[in-house]
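Visitor: So here's structure_15.txt (compact mmCIF, C-alpha atoms).
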# COMPACT_ATOMS: atom_id res chain seq x y z
CA MET A 11 104.32 128.23 76.44
CA ARG A 12 106.81 128.37 73.62
CA ASP A 13 105.99 129.50 70.08
CA GLU A 14 105.67 125.93 68.80
CA ARG A 15 102.35 124.12 68.74
CA VAL A 16 101.72 121.73 71.61
CA VAL A 17 99.44 118.72 72.08
CA PHE A 18 98.46 117.63 75.58
CA THR A 19 97.66 114.07 76.61
CA GLU A 20 94.40 112.92 78.12
CA ALA A 21 96.22 112.26 81.40
CA GLU A 22 97.57 115.82 81.54
CA LEU A 23 94.17 117.28 80.76
CA SER A 24 92.33 114.97 83.18
CA ALA A 25 94.28 116.66 85.97
CA CYS A 26 92.67 119.94 84.87
CA CYS A 27 89.10 118.61 84.56
CA ALA A 28 87.92 115.06 85.22
CA SER A 29 84.98 115.16 82.81
CA ARG A 30 85.69 112.60 80.11
CA ARG A 31 83.66 114.62 77.61
CA TRP A 32 85.74 117.73 78.35
CA VAL A 33 89.00 115.79 78.03
CA ALA A 34 87.89 114.26 74.72
CA ALA A 35 87.02 117.72 73.37
CA VAL A 36 90.37 119.26 74.33
CA ALA A 37 92.87 116.39 74.01
CA GLY A 38 94.66 115.44 70.83
CA ARG A 39 94.47 118.90 69.30
CA SER A 40 97.43 121.12 68.59
CA TYR A 41 97.45 124.51 70.33
CA ALA A 42 99.45 127.53 69.20
CA GLY A 43 99.58 129.02 72.66
CA ALA A 44 98.09 129.31 76.11
CA ALA A 45 95.25 131.56 74.97
CA GLU A 46 94.16 129.06 72.33
CA LEU A 47 94.25 126.17 74.82
CA ARG A 48 92.35 128.11 77.46
CA ALA A 49 89.72 129.21 74.92
CA ALA A 50 89.24 125.60 73.82
CA GLY A 51 88.93 124.53 77.45
CA ALA A 52 86.30 127.18 78.14
CA ALA A 53 84.33 126.31 75.00
CA ALA A 54 84.36 122.62 75.93
CA LEU A 55 83.12 123.44 79.44
CA ASP A 56 80.21 125.39 77.98
CA GLU A 57 79.10 122.23 76.15
CA LEU A 58 79.04 119.96 79.22
CA THR A 59 75.78 118.52 80.45
CA TRP A 60 75.08 118.59 84.17
CA ASP A 61 76.03 114.88 84.32
CA ASP A 62 79.42 115.80 82.84
CA VAL A 63 79.85 118.54 85.45
CA GLU A 64 79.00 116.06 88.21
CA GLU A 65 81.66 113.72 86.83
CA ALA A 66 84.18 116.54 87.13
CA LEU A 67 82.97 117.39 90.64
CA ALA A 68 83.53 113.81 91.79
CA ALA A 69 87.29 114.32 91.40
CA HIS A 70 87.39 117.40 93.65
CA PRO A 71 88.10 117.03 97.37
CA ARG A 72 85.98 118.78 99.95
CA VAL A 73 87.24 122.19 100.93
CA GLY A 74 89.23 121.64 104.10
CA ASP A 75 89.92 117.94 103.56
CA ARG A 76 93.48 116.81 103.03
CA ALA A 77 93.98 117.45 99.36
CA ALA A 78 96.58 116.07 96.96
CA GLY A 79 98.01 117.23 93.65
CA TRP A 80 97.01 120.66 92.44
CA SER A 81 94.16 120.81 94.96
CA ARG A 82 96.69 120.90 97.79
CA ALA A 83 98.30 124.10 96.53
CA GLU A 84 94.93 125.55 95.56
CA GLN A 85 93.65 125.09 99.11
CA ALA A 86 96.68 126.76 100.72
CA GLY A 87 94.25 129.23 102.29
CA MET A 88 93.29 126.42 104.67
CA ASP A 89 96.78 126.37 106.15
CA GLY A 90 96.59 127.72 109.66
CA ALA A 91 92.78 127.90 109.68
CA ALA A 92 91.36 128.05 113.18
CA PRO A 93 89.78 124.83 114.49
CA ASP A 94 86.34 126.47 114.67
CA VAL A 95 86.58 127.50 111.01
CA ARG A 96 87.64 123.98 110.01
CA ALA A 97 84.73 122.52 111.98
CA ALA A 98 82.30 125.00 110.40
CA LEU A 99 83.58 124.11 106.91
CA ALA A 100 83.17 120.39 107.64
CA ALA A 101 79.59 120.95 108.84
CA GLY A 102 78.89 123.27 105.91
CA ASN A 103 80.24 120.71 103.43
CA ARG A 104 77.87 118.08 104.85
CA ALA A 105 74.90 120.47 104.70
CA TYR A 106 75.79 121.48 101.15
CA GLU A 107 76.11 117.87 99.97
CA ASP A 108 72.78 116.99 101.63
CA ARG A 109 71.12 119.94 99.89
CA PHE A 110 72.69 119.74 96.42
CA GLY A 111 73.98 116.16 96.14
CA HIS A 112 77.60 116.98 95.27
CA VAL A 113 80.74 118.49 96.72
CA PHE A 114 80.89 122.25 97.32
CA LEU A 115 83.14 123.62 94.59
CA ILE A 116 84.96 126.90 94.89
CA ARG A 117 88.08 128.35 93.30
CA ALA A 118 90.13 128.18 96.47
CA THR A 119 93.26 129.76 94.98
CA GLY A 120 93.87 133.10 96.66
CA ARG A 121 91.05 132.67 99.18
CA THR A 122 91.33 132.29 102.93
CA ALA A 123 89.46 129.66 104.90
CA ASP A 124 87.17 132.39 106.27
CA GLU A 125 86.36 133.59 102.74
CA MET A 126 85.57 130.06 101.57
CA LEU A 127 83.34 129.48 104.61
CA ALA A 128 81.47 132.73 103.95
CA ARG A 129 80.88 131.74 100.29
CA LEU A 130 79.74 128.26 101.36
CA ARG A 131 77.20 129.72 103.77
CA GLU A 132 76.00 132.18 101.14
CA ARG A 133 75.59 129.54 98.47
CA LEU A 134 73.65 127.23 100.77
CA GLY A 135 70.78 129.67 100.26
CA ASN A 136 70.77 129.25 96.48
CA ASP A 137 68.07 127.39 94.62
CA THR A 138 69.28 124.45 92.54
CA GLU A 139 69.51 126.31 89.21
CA THR A 140 71.35 129.29 90.70
CA GLU A 141 73.77 126.95 92.43
CA ARG A 142 74.41 124.99 89.24
CA MET A 143 75.35 128.24 87.52
CA ALA A 144 77.68 129.08 90.43
CA VAL A 145 79.28 125.63 90.21
CA ARG A 146 79.85 126.05 86.46
CA ARG A 147 81.52 129.44 87.06
CA GLU A 148 83.77 128.01 89.77
CA LEU A 149 84.65 124.96 87.66
CA ALA A 150 85.52 127.23 84.73
CA ALA A 151 87.79 129.33 86.96
CA ILE A 152 89.54 126.25 88.36
CA VAL A 153 90.02 124.66 84.94
CA ASP A 154 91.36 127.91 83.51
CA LEU A 155 93.89 128.22 86.35
CA ARG A 156 94.98 124.62 85.90
CA LEU A 157 95.38 125.02 82.15
CA ALA A 158 97.51 128.09 82.79
CA LYS A 159 99.68 126.01 85.14
CA LEU A 160 99.86 123.21 82.59
CA VAL A 161 101.36 125.55 80.01
CA GLY A 162 103.63 127.19 82.57
CA GLU A 163 102.09 130.65 82.58
CA GLU A 164 103.57 132.97 85.17
CA GLY A 165 101.35 133.76 88.14
CA ALA A 166 99.08 130.75 87.62
Now, as a test, write the supplied structure out as structure tokens.

Guide:
Amino acid sequence: MRDERVVFTEAELSACCASRRWVAAVAGRSYAGAAELRAAGAAALDELTWDDVEEALAAHPRVGDRAAGWSRAEQAGMDGAAPDVRAALAAGNRAYEDRFGHVFLIRATGRTADEMLARLRERLGNDTETERMAVRRELAAIVDLRLAKLVGEEGA
């Protein structure tokens, strides 16, 4: 991000997080740099209700499904996954959605299919409150990575 202040549109920010409340909190403000934008994004996430989080979750594809946009690159760890791992992820996604009522969310960037499957299986044992905290942590990590990409940070 250059030294000048930058304002991002609702459309640009919606690609980072689909919660309308989050977008409204972050959009239309001028940011001096990536750190300021990312801090504002994190603060706005902290204020979301669970309904707002579920709205954001609704825009995320299942791990292992054909993804588009940023999700495609984020799920690169699925490339070349063995058929049995893909099948186990599909079954795990169904079990997770039956148990918790929403898509399994994980920061897929930098993780292999086997790692994501292991985390899915682990988190299936969580109680609802513990899992909601895990989802919030994963959402925060994903949003932070996407904001870094939005401002063109190296390594994002």

Visitor: Determine the nearest neighbour of A:Ala21 from the options A:Ile116, A:Leu160, A:Leu47, A:Val63, counting all atoms listed in the file.

Guide: A:Leu160

Visitor: Tell me which protein, DNA and RNA residues are within 10 Å of A:Ala53, counting only C-alpha atoms, leaving out same-chain ones fewer than 3 positions away, and put them as a list in words.

Guide: Trp32, Ala35, Val36, Leu47, Arg48, Ala49, Ala50, Asp56, Glu57, Leu58 and Ala150 of chain A

Visitor: Hey, can you check how far atom CA of A:Thr140 sits from atom CA of A:Ser24?

Guide: 26.5 Å

Visitor: Provide the atom CA of A:Leu127 to atom CA of A:Thr59 distance in Å, to one decimal place.

Guide: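 Between atom CA of A:Leu127 and atom CA of A:Thr59 the gap is 27.6 Å.
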
Visitor: With a distance cut-off of 9 Å and all atoms listed in the file, select the neighbouring residues of A:Glu148, excluding the residue or stretch itself and same-chain residues fewer than 5 positions from it, and output the selection as a list in words.

Guide: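 Residues near the query, excluding close chain neighbours: Leu115, Ile116, Arg117, Met143 and Val153 of chain A.
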
Visitor: With all atoms listed in the file as the atoms that count, which of A:Arg31, A:Arg15, A:Arg156, A:His70 lies nearest to A:His112?

Guide: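 Comparing A:Arg31, A:Arg15, A:Arg156, A:His70 against A:His112, the winner is A:His70.
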
Visitor: Quick one: pull the distance between atom CA of A:Gly162 and atom CA of A:Glu64, Å, one decimal.

Guide: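 Going from atom CA of A:Gly162 over to atom CA of A:Glu64, I get 27.6 Å.
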
Visitor: With a distance cut-off of 10 Å and all atoms listed in the file, select the neighbouring residues of stretch 133-138 of chain A, excluding the residue or stretch itself and same-chain residues fewer than 4 positions from it, and output the selection as a PDB file with C-alpha atoms, in the coordinates of the input.

Guide:
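Contents of out38.pdb, freshly written:
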ATOM      1  CA  GLY A 102      78.890 123.270 105.910  1.00  0.00           C
ATOM      2  CA  ASN A 103      80.240 120.710 103.430  1.00  0.00           C
ATOM      3  CA  ALA A 105      74.900 120.470 104.700  1.00  0.00           C
ATOM      4  CA  TYR A 106      75.790 121.480 101.150  1.00  0.00           C
ATOM      5  CA  GLU A 107      76.110 117.870  99.970  1.00  0.00           C
ATOM      6  CA  ARG A 109      71.120 119.940  99.890  1.00  0.00           C
ATOM      7  CA  PHE A 110      72.690 119.740  96.420  1.00  0.00           C
ATOM      8  CA  PHE A 114      80.890 122.250  97.320  1.00  0.00           C
ATOM      9  CA  LEU A 127      83.340 129.480 104.610  1.00  0.00           C
ATOM     10  CA  ALA A 128      81.470 132.730 103.950  1.00  0.00           C
ATOM     11  CA  ARG A 129      80.880 131.740 100.290  1.00  0.00           C
ATOM     12  CA  ARG A 142      74.410 124.990  89.240  1.00  0.00           C
ATOM     13  CA  MET A 143      75.350 128.240  87.520  1.00  0.00           C
ATOM     14  CA  ALA A 144      77.680 129.080  90.430  1.00  0.00           C
ATOM     15  CA  VAL A 145      79.280 125.630  90.210  1.00  0.00           C
TER      16      VAL A 145
END

Visitor: Quick one: of A:Tyr41, A:Gly51, A:Arg30, A:Leu155, who's nearest to A:Phe18, counting all atoms listed in the file?

Guide: A:Tyr41

Visitor: Pick the closest to A:Ala98 from A:Ala28, A:Ala69, A:Ala54, A:Met126: which is it, counting all atoms listed in the file?

Guide: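 The closest residue to A:Ala98 is A:Met126.
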
Visitor: Of the candidates A:Ala118, A:Ala52, A:Val33, A:Ala45, which shows the shortest atom-to-atom distance to A:Pro71, using all atoms listed in the file?

Guide: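 Using all atoms listed in the file, A:Pro71 sits closest to A:Ala118.
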
Visitor: Of the residues A:Val73, A:Ala44, A:Val16, A:Ala97, which is the one nearest to A:Val113, using only C-alpha atoms?

Guide: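 Going through A:Val73, A:Ala44, A:Val16, A:Ala97 one by one, the smallest distance to A:Val113 is for A:Val73.
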
Visitor: Can you sort out the box for stretch 144-158 of chain A, edges along x, y and z, all listed atoms in, 5 Å on every side, with centre and edge lengths in Å to one decimal, as lines of an AutoDock Vina configuration file?

Guide:
center_x = 87.6
center_y = 127.0
center_z = 86.3
size_x = 29.8
size_y = 14.8
size_z = 18.3
